[in-house]
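Student: Let me begin by handing over the structure; questions about it come next.
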Amino acid sequence: MTVHILGAGVAGLTTASRLTEAGRRVVVHEAAGELGQRAASWLAGGMLAPYCEAATADPAIIEPGLRGIDFWAERAPVSRKGTLVLAAPRDGADLRQFASRTRGHRMLDAEGVADLEPDLAGRFRQALFYADEAHLDPRQALALLVRRIEEGGGTVLFGSQAEPDAFADEPVVDCRGLNAEAPGLRGVRGEMVIIRSRDVRLDRPVRLLHPRWPIYVVPREDGVFMVGATMIESERAGPITLRSTVELLSAVFALHPAFAEAEILETGAACRPAFADNLPRVTRTGRVVSFTGLYRHGFLLAPALSAEASLEIQSLMEAA
C-alpha cells in the first residue's frame, strides 16, 4: 500500500521522510514544477528558536521545538550557536519585556555582545542570549529531505496536482498549506529579503526589537543573510511590497550601517497557513490525515507534528 503525501513543503517532506524511514512506500505529489516554487517554507528563515518564538506563542512549543533541533541535526547541517536578541539603548524597555515573556536566556552587557558578535561591538549596551537555540538553511534542508526520501525508496513528483479523493483506498497526508482540507485556516502573509554583505559578519541569528520594524537577520554561507519578516493578516498573493522592502532594509541598516552597501539578491513573499491559535494541527478523516497550520513555526514544529502524522498513517495502515 502506498502513502500519498500532498505537498512538498516542510510539512510534507518531514512526514514523507519519517514514513520512508519506517519502511513505508511513499509518493510525494507537488503541484509546482520544482522544489520550493510555491512553498512558504522555501522563504523561511530556518530559525530553530523555541524560546524566542514563545514570546508571542503558546509556551507549549518549547519542548517539541527543542527536540526538533535534534531531528534536523540528523538530516541536515545545523548551527547550534544560539540566538541574540538586541534593542537600541532607547528601546531597553522592549528588551526587558521580551525577557519577561521568555526563558532560556542570559543577559549580556556590551562586552558580552562584542564577544559573541565582534562586528556589533560598541553598538548595543545589552542583549539576551538564547544559547540552546539553533538555525539551518531551509533550502538546503528541504533538498536533503528529498534526497533522503528518494534514497529510501520513496518518490517525489513535481508538477503533480493531486486531490485526496484521487487515490481510492490508499492513505493520504494532506500537507498543502492553505489548500489543505482543514476548516478554520487563514493566511498570514510574510515577506523577506535576501542580501549579501562583505562588510558584516554574524555567526548566529540576530533579532532586533525595533519599535516600528522588528526583524530577524539569519546568516547563511558566503556573506548571505536572510532578513525577515513581515506578518500581515492577508491571503494576498504576489511579490513583496515597496513598503515592506523599505521597512526590512531600514531595520537591517539600524542593526549595522555597513549593511547599506549590501547587495539585494532576492525578495519574496508567501502566505503561511494558520489556525486561530497559531498552532499546527494533525487531524484525520477516514483515510486522509491533514497536517497544516504551521504559521511561522514551520521548521521548528514540523518534526513533532510529522511524527504525529506518521503515527496516524501507520495506525490506519495496520488497521486496514
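Following the order of the C-alpha cells, chains are lettered A, B, ..., residues in each are numbered from 1, and ligands are numbered from 1.
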Neighbours of A:Gly23 within 9 Å (only C-alpha atoms; same-chain residues fewer than 4 positions away dropped), as a list of chain:residue names?

Tutor: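 Those residues are A:Arg18, A:Leu19, A:Gly152, A:Gly153.
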
Student: How about saving the chosen residues, C-alpha atoms kept, as a PDB file, in the first residue's frame?

Tutor:
ATOM      1  CA  ARG A  18       9.541   9.711   8.611  1.00  0.00           C
ATOM      2  CA  LEU A  19       7.302   7.276   6.738  1.00  0.00           C
ATOM      3  CA  GLY A 152      14.892   5.344   0.981  1.00  0.00           C
ATOM      4  CA  GLY A 153      12.771   4.173  -1.938  1.00  0.00           C
TER       5      GLY A 153
END

Student: Enumerate the residues of stretch 22-75 of chain A with a DSSP assignment of helix (DSSP H, G or I), computed from the backbone, and present them as a PyMOL selection string.

Tutor: chain A and resi 40-43+50-53+59-73

Student: Would you output that residue set with N, CA and C atoms, as an mmCIF file, in the first residue's frame?

Tutor:
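Result saved to result_30.cif:
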data_model
loop_
_atom_site.group_PDB
_atom_site.id
_atom_site.type_symbol
_atom_site.label_atom_id
_atom_site.label_comp_id
_atom_site.auth_asym_id
_atom_site.auth_seq_id
_atom_site.Cartn_x
_atom_site.Cartn_y
_atom_site.Cartn_z
ATOM 1 N N ALA A 40 5.872 28.154 1.127
ATOM 2 C CA ALA A 40 6.247 29.210 2.070
ATOM 3 C C ALA A 40 7.525 28.845 2.799
ATOM 4 N N SER A 41 7.759 27.538 2.997
ATOM 5 C CA SER A 41 8.963 27.118 3.719
ATOM 6 C C SER A 41 10.240 27.417 2.943
ATOM 7 N N TRP A 42 10.148 27.622 1.635
ATOM 8 C CA TRP A 42 11.316 27.985 0.840
ATOM 9 C C TRP A 42 11.821 29.378 1.201
ATOM 10 N N LEU A 43 10.915 30.228 1.710
ATOM 11 C CA LEU A 43 11.259 31.607 2.068
ATOM 12 C C LEU A 43 11.502 31.770 3.564
ATOM 13 N N PRO A 50 12.793 28.028 19.760
ATOM 14 C CA PRO A 50 11.538 27.880 20.512
ATOM 15 C C PRO A 50 11.374 28.863 21.660
ATOM 16 N N TYR A 51 12.476 29.220 22.339
ATOM 17 C CA TYR A 51 12.343 30.163 23.448
ATOM 18 C C TYR A 51 11.928 31.539 22.930
ATOM 19 N N CYS A 52 12.554 32.000 21.874
ATOM 20 C CA CYS A 52 12.210 33.313 21.322
ATOM 21 C C CYS A 52 10.791 33.331 20.771
ATOM 22 N N GLU A 53 10.410 32.260 20.076
ATOM 23 C CA GLU A 53 9.067 32.222 19.491
ATOM 24 C C GLU A 53 7.992 32.200 20.571
ATOM 25 N N PRO A 59 3.648 28.698 25.128
ATOM 26 C CA PRO A 59 4.899 28.083 25.606
ATOM 27 C C PRO A 59 4.990 26.592 25.335
ATOM 28 N N ALA A 60 3.866 25.972 24.957
ATOM 29 C CA ALA A 60 3.884 24.546 24.642
ATOM 30 C C ALA A 60 4.768 24.224 23.456
ATOM 31 N N ILE A 61 5.164 25.220 22.677
ATOM 32 C CA ILE A 61 6.021 24.952 21.526
ATOM 33 C C ILE A 61 7.478 24.707 21.930
ATOM 34 N N ILE A 62 7.847 25.034 23.164
ATOM 35 C CA ILE A 62 9.257 25.000 23.534
ATOM 36 C C ILE A 62 9.829 23.587 23.498
ATOM 37 N N GLU A 63 9.213 22.658 24.198
ATOM 38 C CA GLU A 63 9.789 21.316 24.285
ATOM 39 C C GLU A 63 9.824 20.607 22.933
ATOM 40 N N PRO A 64 8.720 20.583 22.169
ATOM 41 C CA PRO A 64 8.828 19.956 20.840
ATOM 42 C C PRO A 64 9.788 20.697 19.928
ATOM 43 N N GLY A 65 9.904 22.007 20.103
ATOM 44 C CA GLY A 65 10.851 22.769 19.305
ATOM 45 C C GLY A 65 12.286 22.392 19.599
ATOM 46 N N LEU A 66 12.616 22.195 20.866
ATOM 47 C CA LEU A 66 13.970 21.772 21.235
ATOM 48 C C LEU A 66 14.283 20.377 20.700
ATOM 49 N N ARG A 67 13.306 19.474 20.768
ATOM 50 C CA ARG A 67 13.510 18.127 20.214
ATOM 51 C C ARG A 67 13.695 18.195 18.697
ATOM 52 N N GLY A 68 13.022 19.153 18.074
ATOM 53 C CA GLY A 68 13.138 19.288 16.634
ATOM 54 C C GLY A 68 14.540 19.629 16.171
ATOM 55 N N ILE A 69 15.304 20.308 17.015
ATOM 56 C CA ILE A 69 16.688 20.625 16.646
ATOM 57 C C ILE A 69 17.472 19.338 16.417
ATOM 58 N N ASP A 70 17.263 18.343 17.275
ATOM 59 C CA ASP A 70 17.958 17.063 17.100
ATOM 60 C C ASP A 70 17.483 16.349 15.835
ATOM 61 N N PHE A 71 16.198 16.441 15.537
ATOM 62 C CA PHE A 71 15.676 15.842 14.295
ATOM 63 C C PHE A 71 16.422 16.399 13.095
ATOM 64 N N TRP A 72 16.543 17.718 13.033
ATOM 65 C CA TRP A 72 17.198 18.327 11.880
ATOM 66 C C TRP A 72 18.692 18.009 11.857
ATOM 67 N N ALA A 73 19.307 17.978 13.012
ATOM 68 C CA ALA A 73 20.749 17.723 13.057
ATOM 69 C C ALA A 73 21.101 16.340 12.518
#

Student: Could you give me, as an NGL selection string, each residue of stretch 207-277 of chain A that DSSP assigns to strand (DSSP E or B) when run on this structure's backbone?

Tutor: :A and (207-208 or 215-219 or 224-228 or 232 or 263-274)

Student: Contacts of A:Pro77 at 10 Å or less, counting only C-alpha atoms, minus same-chain residues fewer than 5 places along, as a PyMOL selection string?

Tutor: chain A and resi 72+135-137+140-141+144

Student: Excluding A:Leu35 and residues on its chain fewer than 3 positions from it, collect all residues at most 10 Å away from it, counting only C-alpha atoms, and give them as a list of chain:residue names.

Tutor: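 Counting only C-alpha atoms, the residues come to A:Ala8, A:Gly9, A:Glu30, A:Ala31, A:Ala32, A:Arg38, A:Ala39, A:Trp42, A:Arg139, A:Leu142, A:Ala143, A:Val146, A:Val156, A:Leu157, A:Phe158, A:Gly159.
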
Student: Can I get the selection written as a PDB file, in the first residue's frame, with N, CA and C atoms?

Tutor:
ATOM      1  N   ALA A   8       5.063  19.393  -1.075  1.00  0.00           N
ATOM      2  CA  ALA A   8       6.489  19.178  -0.795  1.00  0.00           C
ATOM      3  C   ALA A   8       7.104  20.366  -0.093  1.00  0.00           C
ATOM      4  N   GLY A   9       6.340  20.958   0.839  1.00  0.00           N
ATOM      5  CA  GLY A   9       6.915  21.929   1.754  1.00  0.00           C
ATOM      6  C   GLY A   9       7.493  21.200   2.950  1.00  0.00           C
ATOM      7  N   GLU A  30       3.728  17.135  -5.620  1.00  0.00           N
ATOM      8  CA  GLU A  30       3.908  18.580  -5.505  1.00  0.00           C
ATOM      9  C   GLU A  30       3.419  19.248  -6.791  1.00  0.00           C
ATOM     10  N   ALA A  31       2.472  20.173  -6.645  1.00  0.00           N
ATOM     11  CA  ALA A  31       1.890  20.821  -7.814  1.00  0.00           C
ATOM     12  C   ALA A  31       2.898  21.677  -8.572  1.00  0.00           C
ATOM     13  N   ALA A  32       3.833  22.284  -7.861  1.00  0.00           N
ATOM     14  CA  ALA A  32       4.829  23.146  -8.512  1.00  0.00           C
ATOM     15  C   ALA A  32       5.791  22.302  -9.340  1.00  0.00           C
ATOM     16  N   ARG A  38       6.515  27.092  -4.880  1.00  0.00           N
ATOM     17  CA  ARG A  38       5.309  27.666  -4.279  1.00  0.00           C
ATOM     18  C   ARG A  38       5.288  27.538  -2.758  1.00  0.00           C
ATOM     19  N   ALA A  39       6.313  26.965  -2.167  1.00  0.00           N
ATOM     20  CA  ALA A  39       6.275  26.647  -0.740  1.00  0.00           C
ATOM     21  C   ALA A  39       6.689  27.831   0.116  1.00  0.00           C
ATOM     22  N   TRP A  42      10.148  27.622   1.635  1.00  0.00           N
ATOM     23  CA  TRP A  42      11.316  27.985   0.840  1.00  0.00           C
ATOM     24  C   TRP A  42      11.821  29.378   1.201  1.00  0.00           C
ATOM     25  N   ARG A 139      16.507  25.870   2.473  1.00  0.00           N
ATOM     26  CA  ARG A 139      16.547  25.324   1.114  1.00  0.00           C
ATOM     27  C   ARG A 139      17.451  24.098   1.043  1.00  0.00           C
ATOM     28  N   LEU A 142      15.492  21.213   2.840  1.00  0.00           N
ATOM     29  CA  LEU A 142      14.430  20.612   2.029  1.00  0.00           C
ATOM     30  C   LEU A 142      15.015  19.731   0.931  1.00  0.00           C
ATOM     31  N   ALA A 143      16.068  20.202   0.280  1.00  0.00           N
ATOM     32  CA  ALA A 143      16.702  19.406  -0.771  1.00  0.00           C
ATOM     33  C   ALA A 143      17.272  18.101  -0.202  1.00  0.00           C
ATOM     34  N   VAL A 146      14.436  15.634   0.311  1.00  0.00           N
ATOM     35  CA  VAL A 146      14.043  14.995  -0.952  1.00  0.00           C
ATOM     36  C   VAL A 146      15.008  13.855  -1.279  1.00  0.00           C
ATOM     37  N   VAL A 156       9.299  11.475  -5.283  1.00  0.00           N
ATOM     38  CA  VAL A 156       8.831  12.859  -5.190  1.00  0.00           C
ATOM     39  C   VAL A 156       8.508  13.316  -6.603  1.00  0.00           C
ATOM     40  N   LEU A 157       7.237  13.610  -6.854  1.00  0.00           N
ATOM     41  CA  LEU A 157       6.762  14.004  -8.177  1.00  0.00           C
ATOM     42  C   LEU A 157       6.464  15.495  -8.194  1.00  0.00           C
ATOM     43  N   PHE A 158       7.161  16.234  -9.049  1.00  0.00           N
ATOM     44  CA  PHE A 158       6.876  17.650  -9.230  1.00  0.00           C
ATOM     45  C   PHE A 158       5.950  17.827 -10.431  1.00  0.00           C
ATOM     46  N   GLY A 159       5.141  18.884 -10.384  1.00  0.00           N
ATOM     47  CA  GLY A 159       4.133  19.080 -11.421  1.00  0.00           C
ATOM     48  C   GLY A 159       2.990  18.094 -11.309  1.00  0.00           C
TER      49      GLY A 159
END

Student: Near stretch 290-292 of chain A, within 8 Å and counting only C-alpha atoms, which residues show up once chain neighbours fewer than 6 positions away are dropped, as a PyMOL selection string?

Tutor: chain A and resi 11+173-178+180-182+273-274+280-284+305-306+309

Student: Within 9 Å of A:Leu255, counting only C-alpha atoms, which residues show up once you throw out same-chain ones fewer than 4 positions away? Write them as an MDAnalysis selection string, please.

Tutor: chainID A and resid 86:88 120 123 208 250:251 259

Student: List as a short mmCIF file (atom, residue, chain, number, x, y, z; two decimals) with N, CA and C atoms, in the first residue's frame the protein and nucleic acid residues near A:Met192, meaning an atom at most 8 Å away when only C-alpha atoms are counted, but skip any in the same chain fewer than 2 places from it.

Tutor:
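Output contents, as saved in out28.cif:
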data_model
loop_
_atom_site.label_atom_id
_atom_site.label_comp_id
_atom_site.auth_asym_id
_atom_site.auth_seq_id
_atom_site.Cartn_x
_atom_site.Cartn_y
_atom_site.Cartn_z
N LEU A 43 10.92 30.23 1.71
CA LEU A 43 11.26 31.61 2.07
C LEU A 43 11.50 31.77 3.56
N GLY A 190 3.86 36.70 4.77
CA GLY A 190 5.20 37.03 5.24
C GLY A 190 6.08 37.43 4.08
N ILE A 194 16.70 38.75 0.82
CA ILE A 194 17.99 38.08 0.96
C ILE A 194 19.07 39.02 0.42
N MET A 226 19.48 36.27 5.35
CA MET A 226 18.04 36.36 5.13
C MET A 226 17.49 37.35 6.14
N VAL A 227 16.76 38.36 5.68
CA VAL A 227 16.17 39.39 6.54
C VAL A 227 14.66 39.24 6.48
N GLY A 228 14.04 39.03 7.61
CA GLY A 228 12.59 38.86 7.63
C GLY A 228 12.05 39.33 8.96
N ALA A 229 10.85 39.23 9.12
CA ALA A 229 9.84 39.02 8.09
C ALA A 229 8.60 39.75 8.56
N THR A 230 7.82 40.20 7.63
CA THR A 230 6.56 40.84 7.99
C THR A 230 5.53 39.79 8.38
N ILE A 240 6.70 40.99 -2.91
CA ILE A 240 6.84 41.87 -1.75
C ILE A 240 6.48 43.31 -2.14
N THR A 245 9.62 46.25 1.78
CA THR A 245 11.03 46.27 1.41
C THR A 245 11.77 47.38 2.14
N LEU A 248 12.05 46.52 5.99
CA LEU A 248 13.04 45.49 6.29
C LEU A 248 14.47 46.02 6.12
N THR A 267 14.02 39.00 -3.23
CA THR A 267 12.91 39.35 -2.35
C THR A 267 11.82 38.30 -2.55
N GLY A 268 10.98 38.15 -1.56
CA GLY A 268 9.94 37.14 -1.71
C GLY A 268 8.82 37.34 -0.71
N ALA A 269 7.67 36.75 -1.03
CA ALA A 269 6.51 36.80 -0.16
C ALA A 269 5.71 35.52 -0.33
#

Student: For atom CA of A:Arg243 and atom CA of A:Glu191, quote the distance in Å rounded to one decimal.

Tutor: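 Result for atom CA of A:Arg243 versus atom CA of A:Glu191: 10.6 Å, one decimal.
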
Student: Do you have the atom CA of A:Ala57-atom CA of A:Asp91 distance handy?

Tutor: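 Computed distance, atom CA of A:Ala57 to atom CA of A:Asp91, equals 21.8 Å.
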
Student: When you count only C-alpha atoms, which of these residues is closest to A:Val218: A:Arg96, A:Arg272, A:Lys81, A:Arg296?

Tutor: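 Distance minimum relative to A:Val218 lands on A:Lys81.
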
Student: Using only C-alpha atoms, find the one residue out of A:Leu13, A:Ala270, A:Ala320, A:Val252 that sits nearest to A:Val27.

Tutor: A:Leu13

Student: Which of these, A:Phe98, A:Gly187, A:Arg201, A:Asp222, has the shortest distance to A:Ser234 once you count only C-alpha atoms?

Tutor: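 Ranking A:Phe98, A:Gly187, A:Arg201, A:Asp222 by distance to A:Ser234, first place goes to A:Gly187.
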
Student: Of the residues A:Asp58, A:Val172, A:Gly92, A:Ala49, which is the one nearest to A:Gly7, using only C-alpha atoms?

Tutor: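 Using only C-alpha atoms, the shortest distance to A:Gly7 belongs to A:Val172.
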
Student: Restricting the calculation to only C-alpha atoms: of A:Glu163, A:Glu312, A:Glu170, A:Asp203, which residue gets closest to A:Asp115?

Tutor: A:Asp203

Student: Under the rule that only C-alpha atoms are counted, which of A:Arg103, A:Arg90, A:Arg75, A:Arg236 is the nearest residue to A:Ile149?

Tutor: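 Ranking A:Arg103, A:Arg90, A:Arg75, A:Arg236 by distance to A:Ile149, first place goes to A:Arg75.
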